[in-house]
file start_27.txt (compact mmCIF, C-alpha atoms)
# COMPACT_ATOMS: atom_id res chain seq x y z
CA MET E 1122 271.93 -167.90 56.08
CA SER E 1123 271.76 -171.37 54.55
CA VAL E 1124 271.42 -174.39 56.82
CA SER E 1125 274.80 -175.74 55.77
CA ALA E 1126 276.50 -172.50 56.79
CA LEU E 1127 275.18 -172.61 60.36
CA ARG E 1128 277.77 -173.52 62.96
CA TRP E 1129 276.70 -176.04 65.56
CA HIS E 1130 277.86 -176.73 69.06
CA THR E 1131 276.87 -179.36 71.55
CA VAL E 1132 276.05 -179.07 75.23
CA PRO E 1133 279.12 -178.73 77.49
CA ARG E 1134 281.25 -181.86 77.35
CA SER E 1135 281.11 -182.16 81.12
CA ASP E 1136 277.33 -182.64 80.90
CA LEU E 1137 277.63 -185.62 78.58
CA ILE E 1138 278.62 -189.15 79.38
CA TRP E 1139 278.59 -191.83 76.73
CA ARG E 1140 279.48 -195.39 76.00
CA GLU E 1141 279.95 -197.07 72.63
CA LEU E 1142 278.08 -200.37 72.49
CA ASP E 1143 278.16 -202.57 69.38
CA GLY E 1144 278.88 -199.49 67.25
CA ASP E 1145 276.00 -197.43 68.61
CA LEU E 1146 276.46 -194.70 71.18
CA VAL E 1147 274.38 -194.40 74.34
CA VAL E 1148 274.67 -190.93 75.75
CA ARG E 1149 273.34 -189.32 78.90
CA ASP E 1150 272.81 -185.59 79.04
CA ALA E 1151 273.11 -184.44 82.65
CA ARG E 1152 271.24 -181.21 81.91
CA SER E 1153 268.03 -182.95 80.84
CA GLY E 1154 268.64 -186.26 82.61
CA SER E 1155 267.76 -187.98 79.32
CA THR E 1156 269.58 -190.93 77.82
CA HIS E 1157 269.63 -191.42 74.06
CA LEU E 1158 270.66 -194.18 71.70
CA LEU E 1159 272.53 -192.83 68.67
CA GLU E 1160 273.27 -194.87 65.57
CA PRO E 1161 276.91 -194.81 64.44
CA LEU E 1162 276.85 -191.69 62.22
CA ALA E 1163 274.97 -189.68 64.84
CA GLY E 1164 277.45 -190.87 67.45
CA HIS E 1165 280.35 -189.65 65.31
CA VAL E 1166 278.66 -186.27 64.83
CA LEU E 1167 278.10 -185.84 68.56
CA ARG E 1168 281.68 -186.76 69.38
CA ALA E 1169 283.04 -184.43 66.69
CA LEU E 1170 280.97 -181.54 68.01
CA SER E 1171 281.91 -182.17 71.62
CA GLU E 1172 285.63 -182.34 70.80
CA ALA E 1173 285.61 -179.20 68.67
CA HIS E 1174 286.83 -175.96 70.21
CA ALA E 1175 284.47 -173.92 68.07
CA GLY E 1176 281.16 -174.50 66.35
CA MET E 1177 281.17 -176.73 63.28
CA SER E 1178 279.20 -176.39 60.07
CA ILE E 1179 277.84 -179.32 58.14
CA PRO E 1180 280.75 -179.14 55.61
CA ASP E 1181 283.15 -179.11 58.61
CA LEU E 1182 281.50 -182.21 60.00
CA VAL E 1183 281.51 -183.99 56.64
CA ALA E 1184 285.23 -183.20 56.22
CA ARG E 1185 285.99 -184.41 59.73
CA LEU E 1186 284.08 -187.65 59.29
CA GLN E 1187 285.56 -188.17 55.85
CA ASP E 1188 289.03 -187.98 57.39
CA GLU E 1189 288.06 -190.49 60.06
CA ALA E 1190 286.33 -192.92 57.75
CA GLY E 1191 288.59 -192.46 54.72
CA ALA E 1192 285.48 -192.43 52.54
CA ASP E 1193 285.43 -191.01 49.00
CA GLU E 1194 281.70 -190.67 48.41
CA THR E 1195 280.16 -188.34 50.96
CA SER E 1196 277.38 -186.61 49.09
CA ALA E 1197 274.69 -188.46 51.02
CA TRP E 1198 276.25 -187.36 54.30
CA PHE E 1199 275.16 -183.74 53.97
CA SER E 1200 271.47 -184.51 54.18
CA ALA E 1201 272.02 -187.23 56.78
CA ILE E 1202 274.01 -184.89 59.03
CA GLU E 1203 271.48 -182.13 58.53
CA ALA E 1204 268.77 -184.52 59.74
CA ILE E 1205 270.93 -185.60 62.68
CA LEU E 1206 271.58 -182.02 63.75
CA SER E 1207 267.90 -181.26 63.51
CA GLU E 1208 267.21 -184.22 65.78
CA PHE E 1209 269.99 -183.16 68.16
CA ARG E 1210 268.36 -179.74 68.38
CA ARG E 1211 265.01 -181.33 69.22
CA LEU E 1212 266.66 -183.47 71.91
CA GLY E 1213 268.62 -180.55 73.33
CA LEU E 1214 271.97 -182.16 72.50
CA ALA E 1215 273.15 -179.44 70.10
CA GLU E 1216 272.11 -176.12 68.71
CA PRO E 1217 273.27 -173.71 66.02
CA GLU E 1218 275.26 -170.67 67.05
CA ARG E 1219 273.50 -167.38 66.58
CA PRO E 1220 274.85 -165.45 63.58
CA MET D 203 264.70 -218.35 113.65
CA ILE D 204 262.52 -218.64 110.57
CA VAL D 205 258.80 -218.09 110.10
CA ALA D 206 258.10 -221.84 110.11
CA ASP D 207 259.50 -222.06 113.65
CA LEU D 208 256.55 -220.08 114.95
CA PRO D 209 253.46 -222.03 115.93
CA GLU D 210 250.36 -220.91 114.06
CA LYS D 211 248.96 -219.09 117.09
CA GLU D 212 252.20 -217.25 117.76
CA LEU D 213 252.42 -216.16 114.13
CA ALA D 214 248.88 -214.78 114.35
CA ARG D 215 249.65 -213.14 117.72
CA ARG D 216 252.71 -211.33 116.37
CA LEU D 217 250.87 -210.21 113.24
CA ALA D 218 247.98 -208.90 115.32
CA GLY D 219 250.24 -207.29 117.88
CA ALA D 220 253.68 -205.72 117.61
CA GLY D 221 254.22 -207.06 114.10
CA LEU D 222 256.11 -209.85 112.38
CA ARG D 223 259.58 -208.78 111.24
CA VAL D 224 260.50 -210.78 108.16
CA ARG D 225 263.81 -210.53 106.32
CA THR D 226 263.75 -210.81 102.53
CA GLY D 227 267.30 -210.38 101.24
CA PRO D 228 268.58 -206.98 102.38
CA VAL D 229 265.13 -205.79 103.48
CA VAL D 230 263.36 -206.21 106.81
CA THR D 231 259.62 -205.61 106.81
CA GLU D 232 257.40 -205.36 109.84
CA ILE D 233 253.99 -206.75 108.87
CA ARG D 234 250.87 -206.27 110.99
CA SER D 235 247.46 -207.71 110.27
CA ARG D 236 244.53 -209.47 111.93
CA MET D 237 243.32 -210.91 108.64
CA PRO D 238 243.52 -214.72 108.46
CA LYS D 239 244.37 -214.70 104.73
CA VAL D 240 247.48 -212.66 105.46
CA ALA D 241 248.63 -215.08 108.17
CA GLN D 242 247.89 -218.06 105.93
CA GLY D 243 249.77 -216.53 103.01
CA ILE D 244 252.80 -215.70 105.13
CA ALA D 245 252.82 -219.14 106.77
CA LEU D 246 252.83 -220.78 103.35
CA HIS D 247 255.02 -218.49 101.26
CA TYR D 248 257.46 -217.10 103.83
CA ALA D 249 257.95 -220.26 105.91
CA ASP D 250 261.71 -220.36 105.23
CA HIS D 251 262.41 -216.65 105.63
CA PRO D 252 264.40 -215.44 108.63
CA LEU D 253 262.65 -213.58 111.38
CA GLU D 254 264.12 -210.53 113.06
CA GLU D 255 263.54 -209.96 116.76
CA PRO D 256 260.51 -207.88 117.75
CA GLY D 257 261.52 -204.31 118.48
CA GLY D 258 264.52 -204.37 116.15
CA PHE D 259 265.04 -202.26 113.05
CA ALA D 260 262.70 -202.63 110.11
CA ASP D 261 263.04 -200.89 106.75
CA PHE D 262 259.29 -200.90 106.18
CA HIS D 263 256.29 -200.92 108.47
CA VAL D 264 253.20 -202.20 106.71
CA ARG D 265 249.73 -203.15 107.84
CA LEU D 266 246.85 -204.89 106.14
CA ALA D 267 243.43 -204.09 107.54
CA PRO D 268 239.83 -203.51 106.52
CA PRO D 269 239.24 -199.86 105.59
CA ARG D 270 237.10 -197.80 107.93
CA ASN D 271 234.28 -197.18 105.52
CA ILE D 272 230.71 -198.36 105.14
CA ARG D 273 231.59 -200.71 102.31
CA ARG D 274 233.27 -203.07 104.73
CA TRP D 275 229.78 -204.14 105.86
CA LEU D 276 228.61 -204.78 102.28
CA GLN D 277 231.72 -206.15 100.63
CA PRO D 278 234.75 -206.81 102.86
CA GLN D 279 237.83 -204.97 101.70
CA VAL D 280 241.51 -204.69 102.58
CA THR D 281 243.90 -201.76 102.54
CA PHE D 282 247.68 -201.88 102.40
CA GLN D 283 249.10 -199.27 104.76
CA PHE D 284 252.66 -197.99 104.69
CA ASP D 285 253.72 -196.03 107.78
CA GLY D 286 250.04 -195.72 108.63
CA ALA D 287 248.91 -194.34 105.26
CA PRO D 288 247.40 -196.28 102.34
CA PRO D 289 249.29 -195.68 99.08
CA PHE D 290 246.66 -197.66 97.12
CA LEU D 291 242.89 -197.90 96.99
CA PRO D 292 241.26 -200.74 98.97
CA LEU D 293 240.72 -204.08 97.25
CA PRO D 294 238.32 -206.97 97.96
CA ALA D 295 239.37 -208.74 101.15
CA ASP D 296 240.13 -212.03 99.43
CA GLN D 297 243.01 -210.21 97.69
CA ALA D 298 244.77 -209.61 101.01
CA PHE D 299 247.84 -211.69 100.17
CA PRO D 300 248.24 -210.38 96.59
CA ILE D 301 247.99 -206.79 97.83
CA LEU D 302 250.67 -207.56 100.43
CA GLU D 303 252.95 -208.76 97.62
CA TRP D 304 252.17 -205.79 95.37
CA GLY D 305 252.66 -203.48 98.34
CA LEU D 306 256.03 -204.99 99.21
CA ASN D 307 257.14 -204.55 95.60
CA TRP D 308 256.12 -200.91 95.83
CA CYS D 309 258.00 -200.46 99.13
CA VAL D 310 261.23 -201.65 97.53
CA SER D 311 260.88 -199.95 94.14
CA ALA D 312 259.90 -196.62 95.68
CA HIS D 313 262.39 -196.54 98.55
CA CYS D 314 265.44 -198.81 98.12
CA HIS D 315 267.51 -196.25 96.28
CA GLN D 316 270.79 -197.64 97.58
CA TYR D 317 270.22 -199.98 94.62
CA LEU D 318 269.48 -199.36 90.99
CA VAL D 319 266.11 -201.11 90.83
CA LEU D 320 264.88 -202.70 87.59
CA HIS D 321 261.53 -204.24 86.86
CA ALA D 322 262.95 -207.65 86.03
CA ALA D 323 263.09 -211.25 87.14
CA VAL D 324 266.55 -212.57 88.00
CA VAL D 325 267.70 -216.17 88.32
CA GLU D 326 271.20 -217.49 88.84
CA ARG D 327 273.36 -220.47 88.10
CA SER D 328 277.03 -220.85 89.11
CA GLY D 329 277.16 -217.27 90.35
CA ARG D 330 275.98 -215.88 87.00
CA ALA D 331 272.73 -214.00 86.77
CA LEU D 332 270.16 -214.19 84.01
CA ILE D 333 268.20 -210.93 83.99
CA LEU D 334 264.73 -210.97 82.46
CA PRO D 335 263.38 -207.42 82.13
CA ALA D 336 259.97 -207.37 80.52
CA PRO D 337 256.57 -205.76 80.67
CA PRO D 338 253.57 -207.63 82.13
CA GLY D 339 252.23 -210.30 79.81
CA SER D 340 255.62 -211.14 78.34
CA GLY D 341 255.88 -214.50 80.08
CA LYS D 342 258.67 -213.31 82.38
CA SER D 343 257.28 -214.83 85.57
CA THR D 344 256.31 -218.08 83.86
CA LEU D 345 259.81 -218.47 82.50
CA CYS D 346 261.26 -217.50 85.87
CA ALA D 347 259.13 -220.09 87.70
CA GLY D 348 260.02 -222.74 85.13
CA LEU D 349 263.75 -222.09 85.47
CA VAL D 350 263.58 -222.02 89.27
CA SER D 351 261.76 -225.35 89.32
CA ARG D 352 264.66 -226.86 87.33
CA GLY D 353 267.45 -225.74 89.62
CA TRP D 354 268.11 -222.11 88.83
CA ARG D 355 268.33 -220.01 91.98
CA LEU D 356 265.65 -217.36 92.39
CA LEU D 357 266.98 -213.88 93.09
CA SER D 358 263.70 -212.14 92.32
CA ASP D 359 260.61 -212.54 90.22
CA GLU D 360 259.94 -208.83 90.00
CA LEU D 361 262.78 -206.54 91.09
CA ALA D 362 266.45 -206.66 90.18
CA LEU D 363 268.47 -204.86 92.86
CA ILE D 364 271.76 -203.76 91.31
CA ASP D 365 274.45 -202.61 93.72
CA PRO D 366 276.03 -199.48 92.16
CA LEU D 367 279.32 -200.24 93.91
CA THR D 368 279.80 -203.65 92.30
CA ALA D 369 277.16 -203.87 89.53
CA HIS D 370 276.24 -207.22 91.09
CA ILE D 371 272.65 -208.18 91.83
CA MET D 372 271.37 -208.63 95.36
CA PRO D 373 268.78 -211.36 95.91
CA LEU D 374 265.28 -210.49 97.02
CA PRO D 375 263.72 -213.97 97.06
CA ARG D 376 259.96 -213.74 97.50
CA PRO D 377 257.00 -215.57 96.00
CA ILE D 378 256.70 -215.67 92.21
CA SER D 379 253.48 -214.09 91.02
CA LEU D 380 251.68 -216.02 88.29
CA LYS D 381 248.71 -214.77 86.35
CA ASN D 382 245.89 -216.41 84.43
CA ALA D 383 246.97 -219.24 82.10
CA SER D 384 250.48 -219.28 83.62
CA ILE D 385 249.07 -220.78 86.82
CA GLU D 386 248.04 -224.00 85.10
CA VAL D 387 251.19 -224.02 82.98
CA ILE D 388 253.34 -224.11 86.12
CA ARG D 389 251.08 -226.62 87.89
CA ARG D 390 251.60 -229.00 84.97
CA PHE D 391 255.26 -228.15 84.41
CA SER D 392 256.30 -228.44 88.02
CA PRO D 393 253.90 -230.57 90.09
CA ASP D 394 256.22 -230.16 93.12
CA ALA D 395 256.03 -226.35 93.10
CA VAL D 396 254.25 -224.96 96.16
CA LEU D 397 251.43 -222.79 94.86
CA GLY D 398 249.06 -220.79 96.99
CA PRO D 399 245.35 -220.46 96.27
CA THR D 400 244.24 -218.82 93.05
CA VAL D 401 242.68 -215.42 93.71
CA ARG D 402 240.27 -214.48 90.95
CA ASP D 403 239.04 -211.16 89.56
CA THR D 404 242.00 -209.05 90.62
CA LEU D 405 243.09 -206.08 88.53
CA LYS D 406 245.55 -208.48 86.89
CA GLY D 407 243.05 -211.30 86.41
CA SER D 408 243.52 -214.54 88.33
CA VAL D 409 246.64 -214.55 90.47
CA ALA D 410 248.50 -217.29 92.34
CA HIS D 411 251.92 -217.26 93.99
CA VAL D 412 254.69 -219.85 93.91
CA LYS D 413 256.77 -220.23 97.06
CA ALA D 414 260.45 -219.38 96.66
CA PRO D 415 262.65 -222.50 96.98
CA VAL D 416 264.29 -222.91 100.37
CA ASP D 417 267.78 -222.85 98.85
CA SER D 418 267.08 -219.46 97.27
CA VAL D 419 265.91 -218.07 100.60
CA ARG D 420 268.91 -219.45 102.49
CA ARG D 421 271.32 -217.92 99.97
CA ALA D 422 269.64 -214.52 100.07
CA ALA D 423 272.87 -212.77 101.10
CA GLU D 424 274.75 -214.14 98.10
CA PRO D 425 274.83 -211.71 95.17
CA ALA D 426 275.30 -212.74 91.55
CA ARG D 427 277.13 -211.09 88.69
CA PRO D 428 275.22 -210.24 85.50
CA ARG D 429 275.90 -212.68 82.67
CA TRP D 430 272.84 -212.70 80.42
CA ILE D 431 270.14 -210.13 79.72
CA VAL D 432 267.14 -211.58 77.93
CA MET D 433 263.95 -209.80 76.84
CA PRO D 434 261.40 -212.63 76.83
CA ARG D 435 258.20 -212.66 74.83
CA TYR D 436 255.66 -215.45 75.09
CA GLN D 437 254.04 -216.22 71.75
CA ALA D 438 251.61 -219.13 71.53
CA GLY D 439 253.00 -221.87 69.32
CA ALA D 440 256.31 -220.14 68.65
CA PRO D 441 259.50 -222.21 68.70
CA ALA D 442 262.11 -221.11 71.25
CA ASN D 443 264.22 -218.52 69.47
CA LEU D 444 267.11 -216.64 71.05
CA GLU D 445 268.45 -213.75 68.99
CA ARG D 446 271.30 -211.41 69.80
CA LEU D 447 270.15 -207.96 70.85
CA PRO D 448 272.53 -205.09 70.10
CA LYS D 449 273.87 -203.84 73.40
CA GLY D 450 272.83 -200.25 72.79
CA ARG D 451 269.20 -201.34 72.46
CA ALA D 452 269.54 -203.57 75.50
CA PHE D 453 270.90 -200.61 77.45
CA MET D 454 267.89 -198.50 76.53
CA GLN D 455 265.51 -201.29 77.53
CA LEU D 456 267.18 -201.45 80.94
CA VAL D 457 266.76 -197.68 81.26
CA ASP D 458 263.07 -198.08 80.45
CA SER D 459 262.66 -200.85 83.01
CA ALA D 460 264.45 -199.00 85.82
CA PHE D 461 262.45 -197.41 88.62
CA ASN D 462 265.16 -195.02 89.81
CA TYR D 463 267.71 -194.65 87.00
CA ASN D 464 267.44 -190.86 86.92
CA LEU D 465 267.79 -190.64 90.65
CA HIS D 466 271.24 -192.24 90.41
CA GLY D 467 272.37 -189.73 87.77
CA ARG D 468 275.79 -190.39 86.27
CA LYS D 469 276.33 -193.39 88.54
CA GLY D 470 273.14 -194.97 87.22
CA PHE D 471 274.45 -194.69 83.66
CA GLU D 472 277.82 -196.15 84.65
CA THR D 473 276.21 -198.99 86.59
CA LEU D 474 273.98 -199.99 83.68
CA ALA D 475 276.98 -199.78 81.35
CA GLN D 476 278.87 -202.18 83.63
CA VAL D 477 275.92 -204.58 83.62
CA ILE D 478 275.66 -204.44 79.83
CA ASP D 479 279.42 -204.90 79.41
CA ALA D 480 279.31 -208.05 81.54
CA ALA D 481 276.33 -209.64 79.82
CA ASP D 482 275.32 -211.21 76.53
CA CYS D 483 272.05 -209.64 75.42
CA TYR D 484 269.20 -211.40 73.64
CA GLU D 485 265.60 -211.21 72.60
CA PHE D 486 263.77 -214.44 73.23
CA ALA D 487 260.47 -215.67 71.84
CA TYR D 488 258.98 -218.86 73.19
CA GLY D 489 255.76 -220.81 73.12
CA ASP D 490 256.72 -223.91 75.08
CA LEU D 491 258.16 -223.71 78.59
CA GLU D 492 259.89 -227.10 78.47
CA GLU D 493 261.75 -226.13 75.29
CA ALA D 494 262.62 -222.73 76.76
CA VAL D 495 264.05 -224.13 79.98
CA LYS D 496 266.18 -226.66 78.09
CA LEU D 497 267.56 -223.86 75.94
CA TYR D 498 268.64 -221.91 79.04
CA ASP D 499 270.19 -225.00 80.57
CA ARG D 500 272.28 -225.38 77.40
CA LEU D 501 273.17 -221.68 77.50
CA ALA D 502 274.37 -221.97 81.10
CA THR D 503 276.39 -225.08 80.33
CA SER D 504 278.05 -223.70 77.21
CA ALA D 505 278.99 -220.28 78.58
call {"tool": "encode", "arguments": {"input": "start_27.txt", "output": "structure tokens"}}
result
Amino acid sequence: MSVSALRWHTVPRSDLIWRELDGDLVVRDARSGSTHLLEPLAGHVLRALSEAHAGMSIPDLVARLQDEAGADETSAWFSAIEAILSEFRRLGLAEPERP
Amino acid sequence: MIVADLPEKELARRLAGAGLRVRTGPVVTEIRSRMPKVAQGIALHYADHPLEEPGGFADFHVRLAPPRNIRRWLQPQVTFQFDGAPPFLPLPADQAFPILEWGLNWCVSAHCHQYLVLHAAVVERSGRALILPAPPGSGKSTLCAGLVSRGWRLLSDELALIDPLTAHIMPLPRPISLKNASIEVIRRFSPDAVLGPTVRDTLKGSVAHVKAPVDSVRRAAEPARPRWIVMPRYQAGAPANLERLPKGRAFMQLVDSAFNYNLHGRKGFETLAQVIDAADCYEFAYGDLEEAVKLYDRLATSA
């Protein structure tokens, strides 16, 4: 299965608390006790995942963010979101669903 | 009654006997010691602090005494004891007052979990607190001492006690600890400052303490609301330069400087968010204390 086809979900919403500060997002994960600083795109990705009822793929996330931002050119977002999800996985903030 | 009301002999008698109960902000500490340097340090630096009655409640019970080992005959040493046990290794006896100060910092940072405790200096003007979180060597204490000598109220040189219920900062006015070149900087900058003796060859180099101003001690029950968060950095020869720090980065620096952020869980996050919301955040480089203090005076006037 290609990376872009994987569906991602975040930790339970109840375990996350966040605050937007000057465009960035600070988020605390109650499961790990860790607090992270996310730049704006990563913050959008986390919020999109946490608000989704089901897992989201990278194309889902790009479409969602495109709607929010009203952007036309999104080709660079695929690789950026892939990198963000990889980092989220390392931090324990999100993981891909098992096929 | 304050410490200065006690005659020298009575101060020594209490320290050697049932203990001297000194109030520093919200904390009462019972101090016991027969060591003259401890009595001298307390008489000088805690002269204006309130005394609690013997036999009353104390948050901490500490004792400074020579360790019971053979080294005491070769090179006199001192241990800091907390509830009868030494949390640190002994140090040379001439460091008795510095180890009392370091020990009291440890008592608060390791036990006062009713507060969110940050490693930061805090000064106040017109009810508004300037928080200076910074690692050792950043010039935090020098800047703090400089501001205090020019009329800012000292809340703490070392520990910011944030009340999670209000996100306001409780004062903990105690001596300001200066190290190495900062000692001479403050002697020159503020000839009226009351400095204790310089103790050399400590783990932090040469150390001297500046007495907290009497007004700061008297107003120790008066909290302040956060208004500015500044990450200072001393840089020889650098002009004073205050630059906006994005609040997300400032938040993370407060997390890094907190002793018990994780212990407070969700409330700790919310409390820091309240502090950040209420404050302008900056990074600050400086090489000249006079220029730095003037800049903060302008900041306080313009805000």
call {"tool": "interface_residues", "arguments": {"input": "start_27.txt", "of": "chain E", "to": "chain D", "cutoff": "7 Å", "atoms": "all atoms listed in the file", "output": "list in words"}}
result
Leu1142, Asp1143, Asp1145, Leu1146, Val1147, Gly1154 and Leu1158 of chain E
call {"tool": "residues_around", "arguments": {"input": "start_27.txt", "residues": "Ala422 of chain D", "least_positions_apart": "3", "cutoff": "12 Å", "atoms": "all atoms listed in the file", "output": "PyMOL selection string"}}
result
chain D and resi 225-229+250-252+326+355-358+371-376+414-419+425-426
call {"tool": "atom_distance", "arguments": {"input": "start_27.txt", "atom1": "atom CA of Leu334 of chain D", "atom2": "atom CA of Glu232 of chain D"}}
result
28.9 Å
call {"tool": "residues_around", "arguments": {"input": "start_27.txt", "residues": "Pro278 of chain D", "least_positions_apart": "6", "cutoff": "9 Å", "atoms": "only C-alpha atoms", "output": "PyMOL selection string"}}
result
chain D and resi 268-269+293-296
call {"tool": "residues_around", "arguments": {"input": "start_27.txt", "residues": "Pro1217 of chain E", "least_positions_apart": "6", "cutoff": "9 Å", "atoms": "all atoms listed in the file", "output": "list in words"}}
result
Leu1127, Arg1128, Trp1129, His1130, Thr1131, Gly1176, Met1177, Ser1178, Leu1206 and Arg1210 of chain E
call {"tool": "closest_residue", "arguments": {"input": "start_27.txt", "among": "D:Val230, D:Ala322, D:Leu363, D:Ala298", "to": "Cys346 of chain D", "atoms": "all atoms listed in the file"}}
result
D:Ala322
call {"tool": "atom_distance", "arguments": {"input": "start_27.txt", "atom1": "atom CA of Cys483 of chain D", "atom2": "atom CA of Lys469 of chain D"}}
result
21.3 Å
call {"tool": "closest_residue", "arguments": {"input": "start_27.txt", "among": "D:Leu361, D:Ala206, D:Val224, D:Ala331", "to": "Ser343 of chain D", "atoms": "all atoms listed in the file"}}
result
D:Leu361
call {"tool": "residues_around", "arguments": {"input": "start_27.txt", "residues": "Asp285 of chain D", "least_positions_apart": "3", "cutoff": "8 Å", "atoms": "all atoms listed in the file", "output": "NGL selection string"}}
result
:D and (262-264)
call {"tool": "residues_around", "arguments": {"input": "start_27.txt", "residues": "Tyr488 of chain D", "least_positions_apart": "6", "cutoff": "7 Å", "atoms": "only C-alpha atoms", "output": "ChimeraX atom specification"}}
result
/D:435-437,440-443,494
call {"tool": "atom_distance", "arguments": {"input": "start_27.txt", "atom1": "atom CA of Pro209 of chain D", "atom2": "atom CA of Ala267 of chain D"}}
result
22.2 Å
call {"tool": "closest_residue", "arguments": {"input": "start_27.txt", "among": "D:Phe391, D:Phe290, D:Trp308, D:Phe282", "to": "Leu345 of chain D", "atoms": "all atoms listed in the file"}}
result
D:Phe391
call {"tool": "closest_residue", "arguments": {"input": "start_27.txt", "among": "E:Ala1173, E:Val1166, E:Ala1126, E:Ile1179", "to": "Pro1220 of chain E", "atoms": "all atoms listed in the file"}}
result
E:Ala1126
call {"tool": "residues_near_point", "arguments": {"input": "start_27.txt", "point": "(266.0, -183.7, 81.2)", "cutoff": "12 Å", "atoms": "only C-alpha atoms", "output": "mmCIF file with C-alpha atoms, in the coordinates of the input"}}
result
data_model
loop_
_atom_site.group_PDB
_atom_site.id
_atom_site.type_symbol
_atom_site.label_atom_id
_atom_site.label_comp_id
_atom_site.auth_asym_id
_atom_site.auth_seq_id
_atom_site.Cartn_x
_atom_site.Cartn_y
_atom_site.Cartn_z
ATOM 1 C CA ASP E 1136 277.330 -182.640 80.900
ATOM 2 C CA ARG E 1149 273.340 -189.320 78.900
ATOM 3 C CA ASP E 1150 272.810 -185.590 79.040
ATOM 4 C CA ALA E 1151 273.110 -184.440 82.650
ATOM 5 C CA ARG E 1152 271.240 -181.210 81.910
ATOM 6 C CA SER E 1153 268.030 -182.950 80.840
ATOM 7 C CA GLY E 1154 268.640 -186.260 82.610
ATOM 8 C CA SER E 1155 267.760 -187.980 79.320
ATOM 9 C CA THR E 1156 269.580 -190.930 77.820
ATOM 10 C CA HIS E 1157 269.630 -191.420 74.060
ATOM 11 C CA LEU E 1212 266.660 -183.470 71.910
ATOM 12 C CA GLY E 1213 268.620 -180.550 73.330
ATOM 13 C CA LEU E 1214 271.970 -182.160 72.500
ATOM 14 C CA ASN D 464 267.440 -190.860 86.920
ATOM 15 C CA LEU D 465 267.790 -190.640 90.650
ATOM 16 C CA GLY D 467 272.370 -189.730 87.770
#
call {"tool": "axis_aligned_box", "arguments": {"input": "start_27.txt", "around": "segment 1149-1166 of chain E", "padding_each_side": "6 Å", "output": "JSON"}}
result
{"center_x": 274.1, "center_y": -188.0, "center_z": 72.4, "size_x": 24.6, "size_y": 25.7, "size_z": 32.4}
call {"tool": "closest_residue", "arguments": {"input": "start_27.txt", "among": "E:Phe1199, E:Ile1138, E:Arg1219, E:Arg1168", "to": "Ala1184 of chain E", "atoms": "all atoms listed in the file"}}
result
E:Phe1199
